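S.K.: Just one file: upload_26.cif, with mmCIF, C-alpha atoms.
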```cif
data_start
loop_
_atom_site.label_atom_id
_atom_site.label_comp_id
_atom_site.auth_asym_id
_atom_site.auth_seq_id
_atom_site.Cartn_x
_atom_site.Cartn_y
_atom_site.Cartn_z
CA MET A 141 22.47 -5.91 -20.15
CA ALA A 142 22.07 -8.16 -23.21
CA LYS A 143 23.18 -6.73 -26.56
CA ARG A 144 20.67 -6.09 -29.31
CA LYS A 145 20.44 -8.75 -31.96
CA PRO A 146 21.48 -7.80 -35.51
CA GLY A 147 18.61 -6.72 -37.74
CA LYS A 148 16.35 -5.63 -34.85
CA SER A 149 15.65 -2.11 -33.73
CA GLY A 150 15.87 -3.05 -30.05
CA SER A 151 13.78 -4.67 -27.34
CA LYS A 152 10.58 -2.69 -26.96
CA LYS A 153 7.19 -3.38 -25.41
CA LYS A 154 3.77 -1.77 -25.35
CA VAL A 155 2.45 -0.40 -22.05
CA ARG A 156 -1.11 0.79 -21.37
CA VAL A 157 -1.13 3.95 -19.25
CA GLU A 158 -3.79 6.39 -18.02
CA PHE A 159 -4.61 9.52 -19.95
CA ARG A 160 -3.74 12.69 -18.11
CA LYS A 161 -6.90 14.09 -16.58
CA ASN A 162 -6.73 17.39 -18.45
CA ARG A 163 -6.98 15.41 -21.69
CA GLY A 164 -10.21 13.67 -20.74
CA LYS A 165 -12.46 16.25 -22.40
CA THR A 166 -11.82 18.13 -25.62
CA ALA A 167 -12.55 21.82 -26.11
CA ARG A 168 -16.01 22.60 -27.45
CA ASP A 169 -15.89 22.65 -31.23
CA LYS A 170 -19.27 22.87 -32.99
CA SER A 171 -17.79 21.85 -36.33
CA GLN A 172 -16.42 18.71 -34.66
CA TRP A 173 -19.86 17.88 -33.26
CA THR A 174 -21.35 18.23 -36.76
CA ARG A 175 -18.77 15.89 -38.27
CA GLU A 176 -19.38 13.33 -35.53
CA PHE A 177 -23.14 13.54 -36.05
CA HIS A 178 -22.83 12.74 -39.75
CA GLN A 179 -20.48 9.89 -38.89
CA ASP A 180 -23.00 8.58 -36.30
CA LYS A 181 -20.51 8.93 -33.41
CA THR A 182 -22.52 11.10 -31.09
CA LYS A 183 -24.57 8.27 -29.63
CA SER A 184 -21.52 6.24 -28.59
CA ASP A 185 -19.84 9.35 -27.13
CA ASP A 186 -22.90 10.10 -25.00
CA ALA A 187 -22.94 6.54 -23.68
CA GLY A 188 -19.25 6.76 -22.84
CA THR A 189 -19.75 9.82 -20.66
CA SER A 190 -22.78 8.48 -18.80
CA GLU A 191 -21.88 4.85 -18.09
CA ASN A 192 -19.56 3.65 -15.36
CA VAL A 193 -18.05 0.34 -16.44
CA ARG A 194 -15.00 -1.79 -15.77
CA ALA A 195 -12.86 -4.09 -17.91
CA LYS A 196 -13.15 -2.87 -21.51
CA GLY A 197 -14.40 0.53 -20.37
CA ASP A 198 -11.24 1.03 -18.33
CA LEU A 199 -9.09 0.04 -21.28
CA SER A 200 -10.76 2.66 -23.45
CA ARG A 201 -9.54 5.32 -21.02
CA LYS A 202 -5.91 4.34 -21.49
CA ARG A 203 -3.33 5.04 -24.16
CA THR A 204 -0.51 2.88 -25.48
CA ILE A 205 3.12 3.96 -25.25
CA ILE A 206 6.27 2.17 -26.38
CA VAL A 207 8.86 1.45 -23.69
CA ASP A 208 12.43 0.55 -24.63
CA GLU A 209 13.48 -2.30 -22.32
CA GLU A 210 17.13 -1.36 -22.87
CA SER A 211 16.51 2.23 -21.73
CA THR A 212 18.03 1.43 -18.30
CA ALA A 213 21.48 0.76 -19.78
CA GLY A 214 24.04 3.05 -18.17
CA LEU A 215 21.67 4.21 -15.41
CA VAL A 216 22.33 3.94 -11.68
CA LYS A 217 20.16 1.37 -9.89
CA GLY A 218 18.99 1.92 -6.33
CA THR A 219 16.19 1.55 -3.79
CA VAL A 220 13.98 4.36 -2.52
CA VAL A 221 14.67 4.61 1.22
CA ARG A 222 12.72 7.76 2.12
CA MET A 223 10.15 10.16 0.66
CA ARG A 224 10.33 13.87 1.47
CA GLY A 225 7.46 15.54 -0.34
CA LEU A 226 8.32 15.32 -4.04
CA ILE A 227 11.92 14.27 -3.32
CA ALA A 228 12.82 10.57 -3.17
CA GLU A 229 16.02 9.57 -1.38
CA VAL A 230 17.59 6.62 -3.19
CA ASP A 231 20.32 4.30 -1.90
CA ASP A 232 22.49 2.76 -4.63
CA GLY A 233 24.62 0.81 -2.13
CA LYS A 234 27.38 3.42 -2.18
CA GLN A 235 25.63 6.72 -1.53
CA ILE A 236 22.21 8.34 -1.03
CA TRP A 237 20.77 10.42 -3.88
CA ALA A 238 18.09 13.13 -3.67
CA CYS A 239 15.88 12.50 -6.71
CA THR A 240 12.99 14.06 -8.54
CA VAL A 241 10.82 11.97 -10.86
CA ARG A 242 10.78 12.17 -14.64
CA ARG A 243 7.45 13.62 -15.83
CA VAL A 244 6.55 10.62 -18.01
CA LEU A 245 6.48 8.42 -14.87
CA ARG A 246 4.03 10.79 -13.19
CA THR A 247 1.65 10.59 -16.16
CA ARG A 248 1.77 6.78 -16.17
CA GLN A 249 0.55 6.59 -12.56
CA ILE A 250 -1.69 9.63 -12.44
CA ASP A 251 -4.16 8.20 -9.89
CA GLU A 252 -1.46 7.76 -7.28
CA ARG A 253 -0.54 10.38 -4.72
CA HIS A 254 3.06 9.98 -5.88
CA PRO A 255 4.42 7.55 -8.51
CA VAL A 256 7.36 6.51 -6.33
CA ALA A 257 7.16 4.85 -2.90
CA VAL A 258 9.55 3.64 -0.23
CA GLY A 259 10.86 0.23 -1.27
CA ASP A 260 10.67 0.89 -5.01
CA ARG A 261 13.64 -0.27 -7.07
CA VAL A 262 14.50 2.50 -9.51
CA PHE A 263 16.97 3.62 -12.18
CA LEU A 264 18.31 7.18 -12.10
CA THR A 265 20.64 9.65 -13.79
CA ARG A 266 22.75 12.35 -12.18
CA VAL A 267 21.84 16.03 -12.54
CA GLU A 268 24.68 18.30 -13.61
CA MET A 269 24.83 22.09 -13.70
CA ALA A 270 27.53 23.62 -15.92
CA GLY A 271 29.43 20.35 -15.84
CA GLU A 272 29.31 20.11 -12.03
CA LYS A 273 27.15 17.66 -10.10
CA SER A 274 24.07 19.28 -8.54
CA THR A 275 23.24 18.68 -4.86
CA LEU A 276 20.24 19.03 -2.52
CA MET A 277 20.11 19.34 1.28
CA SER A 278 18.43 16.71 3.48
CA ASP A 279 18.71 16.72 7.30
CA ASP A 280 21.69 19.09 6.99
CA CYS A 281 23.37 16.58 4.65
CA GLU A 282 24.32 17.43 1.08
CA LEU A 283 23.08 14.74 -1.33
CA THR A 284 23.87 14.33 -5.02
CA GLU A 285 20.83 15.26 -7.10
CA GLY A 286 19.37 12.75 -9.53
CA VAL A 287 16.33 12.09 -11.70
CA ILE A 288 14.41 8.80 -11.52
CA GLU A 289 14.01 7.55 -15.09
CA GLU A 290 12.43 4.10 -14.56
CA ILE A 291 10.74 2.08 -11.82
CA GLU A 292 10.99 -1.70 -11.75
CA PRO A 293 7.63 -3.55 -11.59
CA ARG A 294 6.58 -4.04 -7.96
CA THR A 295 6.27 -7.54 -6.55
CA THR A 296 3.89 -6.44 -3.77
CA THR A 297 2.28 -3.19 -2.66
CA LEU A 298 0.48 -1.98 0.45
CA LEU A 299 -2.11 0.59 -0.66
CA ARG A 300 -4.58 2.94 0.98
CA HIS A 301 -6.78 5.84 -0.10
CA TYR A 302 -5.54 9.21 1.04
CA ASP A 303 -6.89 12.60 0.01
CA ARG A 304 -8.91 11.04 -2.86
CA ARG A 305 -5.83 9.40 -4.37
CA VAL A 306 -4.04 6.09 -4.07
CA HIS A 307 -1.20 6.16 -1.55
CA VAL A 308 1.42 3.42 -1.85
CA VAL A 309 2.46 2.91 1.77
CA ALA A 310 5.37 0.66 0.78
CA ALA A 311 6.45 -1.49 -2.16
CA ASN A 312 8.22 -4.86 -2.55
CA ILE A 313 7.38 -5.97 0.98
CA ASP A 314 7.48 -9.56 2.31
CA VAL A 315 5.92 -9.15 5.77
CA VAL A 316 3.51 -6.54 7.13
CA VAL A 317 3.42 -6.23 10.92
CA ILE A 318 0.15 -4.75 12.16
CA VAL A 319 1.09 -3.04 15.42
CA VAL A 320 -1.72 -2.24 17.87
CA SER A 321 -1.62 -1.77 21.63
CA ALA A 322 -3.45 -3.58 24.41
CA ASP A 323 -4.50 -0.13 25.63
CA GLN A 324 -3.53 3.55 25.28
CA PRO A 325 -4.68 3.89 22.52
CA THR A 326 -7.70 1.59 22.67
CA LEU A 327 -7.42 -1.72 20.84
CA ARG A 328 -9.67 -1.67 17.74
CA PRO A 329 -10.06 -5.11 16.09
CA HIS A 330 -11.95 -3.64 13.12
CA LEU A 331 -8.83 -1.64 12.18
CA ILE A 332 -6.83 -4.90 12.27
CA ASP A 333 -9.36 -6.42 9.87
CA ARG A 334 -9.02 -3.50 7.46
CA TYR A 335 -5.25 -3.89 7.45
CA LEU A 336 -5.59 -7.65 6.89
CA VAL A 337 -7.79 -7.11 3.82
CA ALA A 338 -5.24 -4.68 2.32
CA ILE A 339 -2.35 -7.05 3.10
CA HIS A 340 -4.04 -10.06 1.49
CA GLN A 341 -5.03 -7.89 -1.47
CA GLY A 342 -1.37 -6.94 -1.91
CA GLU A 343 -0.25 -10.60 -1.55
CA MET A 344 1.93 -10.08 1.53
CA ARG A 345 2.23 -12.05 4.77
CA PRO A 346 0.60 -10.48 7.85
CA VAL A 347 1.81 -10.64 11.44
CA ILE A 348 -0.32 -9.15 14.22
CA CYS A 349 1.65 -7.55 17.06
CA ILE A 350 -0.20 -6.45 20.21
CA ASN A 351 2.21 -4.12 21.96
CA LYS A 352 2.07 -2.73 25.52
CA ALA A 353 1.03 -6.19 26.73
CA ASP A 354 1.50 -5.05 30.34
CA LEU A 355 -1.63 -2.87 29.98
CA ASP A 356 -3.93 -5.84 29.29
CA VAL A 357 -5.29 -5.90 32.84
CA ASP A 358 -8.75 -7.23 31.96
CA GLY A 359 -7.70 -9.88 29.42
CA HIS A 360 -9.48 -8.19 26.50
CA ALA A 361 -6.36 -8.08 24.33
CA ALA A 362 -5.60 -11.72 25.10
CA ALA A 363 -9.10 -12.68 23.93
CA VAL A 364 -8.62 -10.69 20.70
CA ALA A 365 -5.26 -12.40 20.13
CA GLU A 366 -6.80 -15.84 20.58
CA ARG A 367 -9.56 -14.95 18.10
CA TYR A 368 -7.00 -14.31 15.35
CA ARG A 369 -4.83 -17.29 16.27
CA GLN A 370 -7.86 -19.56 15.82
CA ILE A 371 -8.21 -18.25 12.27
CA GLY A 372 -4.54 -19.06 11.56
CA TYR A 373 -2.73 -15.74 11.97
CA VAL A 374 0.59 -15.25 13.75
CA VAL A 375 -0.16 -13.07 16.79
CA LEU A 376 2.58 -11.81 19.11
CA PHE A 377 2.30 -10.07 22.49
CA THR A 378 5.15 -7.63 23.01
CA CYS A 379 6.29 -5.30 25.77
CA ILE A 380 9.50 -3.25 25.76
CA LEU A 381 9.50 -3.05 29.58
CA ASP A 382 10.03 -6.78 30.15
CA MET A 383 11.15 -7.64 26.55
CA ARG A 384 8.18 -9.97 26.18
CA GLY A 385 7.81 -11.29 22.61
CA ILE A 386 10.75 -9.29 21.23
CA ASP A 387 12.81 -12.34 20.20
CA ALA A 388 9.78 -13.91 18.50
CA LEU A 389 9.10 -10.70 16.57
CA ARG A 390 12.76 -10.41 15.53
CA ALA A 391 12.62 -13.97 14.19
CA GLU A 392 9.64 -13.04 11.97
CA LEU A 393 11.59 -10.11 10.49
CA THR A 394 15.08 -11.55 10.02
CA ASP A 395 16.31 -11.56 6.39
CA ARG A 396 12.99 -10.20 5.12
CA THR A 397 11.76 -6.80 3.95
CA SER A 398 8.97 -5.78 6.28
CA VAL A 399 6.84 -2.79 7.19
CA LEU A 400 5.33 -1.82 10.54
CA VAL A 401 1.88 -0.22 10.27
CA GLY A 402 -0.68 0.84 12.83
CA PRO A 403 -2.26 3.79 14.63
CA SER A 404 -0.24 6.60 16.18
CA GLY A 405 0.95 5.99 19.72
CA VAL A 406 1.06 2.18 19.68
CA GLY A 407 4.86 2.12 20.04
CA LYS A 408 6.18 1.26 16.58
CA SER A 409 9.32 3.39 16.96
CA SER A 410 9.96 2.00 20.45
CA LEU A 411 9.71 -1.54 19.11
CA LEU A 412 12.15 -0.75 16.30
CA ASN A 413 14.67 0.66 18.78
CA VAL A 414 14.43 -2.43 20.98
CA LEU A 415 14.70 -4.80 18.02
CA ASP A 416 17.82 -2.99 16.81
CA SER A 417 19.56 -0.59 19.20
CA GLU A 418 21.51 1.00 16.33
CA LEU A 419 18.40 2.65 14.88
CA LYS A 420 17.96 5.29 17.62
CA LEU A 421 14.59 6.55 16.36
CA LYS A 422 12.72 9.40 18.01
CA VAL A 423 10.06 8.12 20.43
CA GLY A 424 6.90 10.00 21.44
CA ASP A 425 4.67 9.64 24.47
CA LEU A 426 0.97 9.65 25.27
CA SER A 427 0.86 13.47 25.37
CA ASP A 428 1.96 13.54 21.72
CA LEU A 429 -0.90 11.20 20.84
CA GLN A 430 -3.43 13.34 22.70
CA ARG A 431 -2.22 16.45 20.86
CA GLY A 432 -2.51 14.62 17.53
CA ARG A 433 1.24 14.59 16.85
CA HIS A 434 3.00 11.91 14.81
CA THR A 435 6.39 10.87 16.16
CA THR A 436 7.29 9.45 12.74
CA THR A 437 6.47 11.95 9.97
CA THR A 438 7.99 10.32 6.88
CA ALA A 439 8.24 6.69 5.77
CA SER A 440 11.81 5.36 5.80
CA LEU A 441 13.47 2.09 4.76
CA LEU A 442 15.89 1.00 7.47
CA ARG A 443 18.48 -1.81 7.45
CA TRP A 444 18.39 -4.31 10.32
CA GLN A 445 21.72 -5.24 11.93
CA PHE A 446 20.41 -8.84 12.12
CA GLY A 447 19.57 -9.00 8.41
CA GLY A 448 16.82 -7.59 6.24
CA PHE A 449 15.05 -4.25 5.98
CA VAL A 450 12.06 -2.56 7.58
CA VAL A 451 9.88 0.39 6.56
CA ASP A 452 8.96 2.68 9.45
CA THR A 453 5.72 4.51 8.58
CA PRO A 454 3.79 7.36 10.21
CA GLY A 455 0.78 6.30 12.27
CA THR A 456 -2.68 6.47 10.70
CA ARG A 457 -6.00 7.34 12.29
CA GLN A 458 -7.91 5.50 9.57
CA PHE A 459 -7.14 3.10 6.75
CA ASP A 460 -9.29 3.46 3.62
CA LEU A 461 -9.15 0.46 1.28
CA VAL A 462 -8.27 0.84 -2.41
CA LYS A 463 -9.82 -0.63 -5.57
CA LEU A 464 -11.81 -3.26 -3.70
CA ALA A 465 -15.06 -4.51 -5.23
CA SER A 466 -17.79 -5.54 -2.79
CA GLU A 467 -17.95 -9.08 -4.20
CA GLU A 468 -14.21 -9.51 -3.55
CA VAL A 469 -14.32 -8.79 0.19
CA GLU A 470 -15.27 -12.36 1.13
CA ALA A 471 -12.02 -13.68 -0.40
CA TYR A 472 -9.94 -11.74 2.14
CA PHE A 473 -11.63 -13.20 5.22
CA LYS A 474 -9.77 -16.49 5.66
CA GLU A 475 -12.46 -18.26 7.65
CA PHE A 476 -15.06 -17.51 4.95
CA VAL A 477 -13.24 -19.02 1.97
CA ASP A 478 -13.92 -22.74 2.52
CA ARG A 479 -17.56 -22.10 3.43
CA ILE A 480 -18.61 -19.88 0.50
CA SER A 481 -19.47 -22.86 -1.74
CA GLY A 482 -22.08 -23.90 0.81
CA CYS A 483 -24.24 -20.83 0.20
CA ARG A 484 -27.50 -21.36 -1.67
CA PHE A 485 -26.91 -18.47 -4.08
CA PRO A 486 -23.66 -18.19 -6.08
CA ASP A 487 -23.71 -14.39 -5.73
CA CYS A 488 -24.53 -14.45 -2.01
CA SER A 489 -23.40 -11.28 -0.23
CA HIS A 490 -23.65 -13.03 3.20
CA THR A 491 -25.59 -10.08 4.59
CA HIS A 492 -29.31 -10.91 4.21
CA GLU A 493 -29.79 -14.02 2.04
CA GLU A 494 -31.41 -17.25 3.22
CA ASN A 495 -29.43 -20.49 3.46
CA CYS A 496 -26.15 -18.60 3.73
CA ALA A 497 -23.28 -20.80 4.94
CA ILE A 498 -21.43 -17.81 6.40
CA GLN A 499 -24.37 -16.62 8.51
CA ASP A 500 -24.97 -20.21 9.64
CA ALA A 501 -21.33 -20.41 10.76
CA VAL A 502 -21.77 -17.18 12.73
CA ASP A 503 -24.88 -18.57 14.42
CA SER A 504 -23.01 -21.75 15.37
CA GLY A 505 -19.98 -19.85 16.67
CA GLU A 506 -17.58 -21.15 14.01
CA ILE A 507 -17.12 -17.56 12.79
CA THR A 508 -17.00 -14.86 15.46
CA ALA A 509 -19.64 -12.13 15.46
CA GLU A 510 -16.88 -9.49 15.64
CA ARG A 511 -15.21 -10.69 12.43
CA TYR A 512 -18.57 -10.99 10.68
CA ASP A 513 -19.49 -7.44 11.70
CA SER A 514 -16.17 -6.24 10.26
CA TYR A 515 -16.95 -8.02 7.01
CA VAL A 516 -20.38 -6.40 6.77
CA LYS A 517 -18.95 -2.91 7.44
CA ILE A 518 -16.30 -3.29 4.75
CA TYR A 519 -18.79 -4.84 2.30
CA GLU A 520 -21.31 -2.01 2.80
CA GLU A 521 -18.56 0.58 2.46
CA CYS A 522 -17.53 -0.90 -0.89
CA ARG A 523 -21.17 -1.05 -2.03
CA GLU A 524 -21.64 2.60 -1.18
CA LYS A 525 -18.57 3.58 -3.21
CA GLU A 526 -19.93 1.57 -6.16
CA ARG A 527 -23.27 3.38 -5.93
CA ARG A 528 -21.55 6.78 -5.93
CA ASN A 529 -19.42 5.87 -8.92
#
```
Show me, as structure tokens, the structure contained in the file I just sent.
M.R.:
Amino acid sequence: MAKRKPGKSGSKKKVRVEFRKNRGKTARDKSQWTREFHQDKTKSDDAGTSENVRAKGDLSRKRTIIVDEESTAGLVKGTVVRMRGLIAEVDDGKQIWACTVRRVLRTRQIDERHPVAVGDRVFLTRVEMAGEKSTLMSDDCELTEGVIEEIEPRTTTLLRHYDRRVHVVAANIDVVVIVVSADQPTLRPHLIDRYLVAIHQGEMRPVICINKADLDVDGHAAAVAERYRQIGYVVLFTCILDMRGIDALRAELTDRTSVLVGPSGVGKSSLLNVLDSELKLKVGDLSDLQRGRHTTTTASLLRWQFGGFVVDTPGTRQFDLVKLASEEVEAYFKEFVDRISGCRFPDCSHTHEENCAIQDAVDSGEITAERYDSYVKIYEECREKERRN
């Protein structure tokens, strides 16, 4: 850590953070209303509570705090490798810590389900009780207790909406592998498209993995794979029974930090075990899927024996997109991007307008009807959220 220069109070910076929600409205004070009326403030306050705006409006709902950039001096640096409720397990390269999160960090990221996610790089301090280190239990193991004081800025994030809040699935990821199955459960291309939008939004590289390739008896999965290859995506067919595609998938993951995402029951844990036999993860079966059970219940960052890391995540039945404006959706459909300039109207939604280059490409077969239908569903979903807000 660089030393402070003489004559300066230290390296500090201003950070804009959200107000805590219980500070959004003040208590009713009639004398305050009277003062504001005489100062001609009531009109602007009424507008602020009734309008829903972005940009400057969002800034007005934030506060400025001063962060000391040298505040991490003397702290232990590590990576979050697992989340257990409000406890983050952090690997510093020598040991695993069981950490809570400093309150100020929770107020900075109040819209998120939890301010810390698997893959975050953090700084922590040790908790001591009467001069002795404090410990917490995890999987029958005793871990040294710590407190996360700072989180490094994330390079990439995979986000989804969950329970009306933003859920960071994983942070600082290079490659996201979308794992689906040829059958059992049914292959749903629209879910692939939703994942692709979130991955492009988070500036990560997607790989599509169609597992259980031996179940593609009618060729439907092969046709779906070809559809995405034509767009320019890497699509791999895998099967743990005959090891089909396993080497190709391992090559995509080597020396990178990746995350496997997809519905429950598609075989993510089985793939991880085949890719690296040292992992020995619990594997479910079809009966678990039918009963609604998740084989993987917590996200974990695992180290590959062949180099790199992978985040194993619980399966999801749906994937709700986060902070996506309807006019931005077109940018995350690769085959749309070069054609958008050909539309007659600069604000074309590609859903009903005349002389739309995207609809013309669908009619000519240059863009598949399935991908276009996915676009329309996501666009209309975003529009509906904008109407409600």
S.K.: Can you list, as a ChimeraX atom specification, the residues that the PyMOL selection byres ((chain A and resi 418) around 12) selects here?
M.R.: /A:412-417,419-421,442-446
S.K.: Export, as a PDB file, keeping the file's coordinate frame, the selected residues with C-alpha atoms.
M.R.:
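Just written: again-v6.pdb:
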```pdb
ATOM      1  CA  LEU A 412      12.150  -0.750  16.300  1.00  0.00           C
ATOM      2  CA  ASN A 413      14.670   0.660  18.780  1.00  0.00           C
ATOM      3  CA  VAL A 414      14.430  -2.430  20.980  1.00  0.00           C
ATOM      4  CA  LEU A 415      14.700  -4.800  18.020  1.00  0.00           C
ATOM      5  CA  ASP A 416      17.820  -2.990  16.810  1.00  0.00           C
ATOM      6  CA  SER A 417      19.560  -0.590  19.200  1.00  0.00           C
ATOM      7  CA  LEU A 419      18.400   2.650  14.880  1.00  0.00           C
ATOM      8  CA  LYS A 420      17.960   5.290  17.620  1.00  0.00           C
ATOM      9  CA  LEU A 421      14.590   6.550  16.360  1.00  0.00           C
ATOM     10  CA  LEU A 442      15.890   1.000   7.470  1.00  0.00           C
ATOM     11  CA  ARG A 443      18.480  -1.810   7.450  1.00  0.00           C
ATOM     12  CA  TRP A 444      18.390  -4.310  10.320  1.00  0.00           C
ATOM     13  CA  GLN A 445      21.720  -5.240  11.930  1.00  0.00           C
ATOM     14  CA  PHE A 446      20.410  -8.840  12.120  1.00  0.00           C
TER      15      PHE A 446
END
```
S.K.: Would you mind telling me which residue in A:Val450, A:Ile386, A:Leu298, A:Val306 lies nearest to Pro255 of chain A when using only C-alpha atoms?
M.R.: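 Among the listed residues, A:Val306 lies closest to Pro255 of chain A.
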S.K.: Run through the PyMOL selection byres ((chain A and resi 507) around 12) on the given coordinates and return the selected residues as a list of chain:residue names.
M.R.: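 This file gives the following for the PyMOL selection byres ((chain A and resi 507) around 12): A:Arg367, A:Tyr368, A:Gln370, A:Ile371, A:Phe473, A:Lys474, A:Glu475, A:Phe476, A:Val477, A:Asp478, A:Arg479, A:Ala497, A:Ile498, A:Gln499, A:Asp500, A:Ala501, A:Val502, A:Asp503, A:Ser504, A:Gly505, A:Glu506, A:Thr508, A:Ala509, A:Glu510, A:Arg511, A:Tyr512, A:Asp513, A:Ser514, A:Tyr515.
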S.K.: Just give me the gap between atom CA of Ser481 of chain A and atom CA of Glu494 of chain A in Å, one decimal is fine.
M.R.: 14.1 Å
S.K.: I'd like the contact shell of Val230 of chain A - 10 Å cut-off, only C-alpha atoms, skipping same-chain residues fewer than 6 positions apart - returned as a PyMOL selection string.
M.R.: chain A and resi 217-223+236-239+258-264+283+286+288
S.K.: I'd like to see the residues matched by the PyMOL selection byres ((chain A and resi 365) around 10) on this file, and ideally I'd get them as a PyMOL selection string.
M.R.: chain A and resi 322+329+348-350+359-364+366-370+373-377
S.K.: Atom CA of Val347 of chain A and atom CA of Ser321 of chain A, how far apart in Å?
M.R.: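 Distance reported for this atom pair: 13.9 Å.
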S.K.: Which one is closest to Asp314 of chain A: A:Val451, A:Val406, A:Met344, A:Leu276? Count only C-alpha atoms.
M.R.: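 Looking only at the distances to Asp314 of chain A, the closest residue turns out to be A:Met344.
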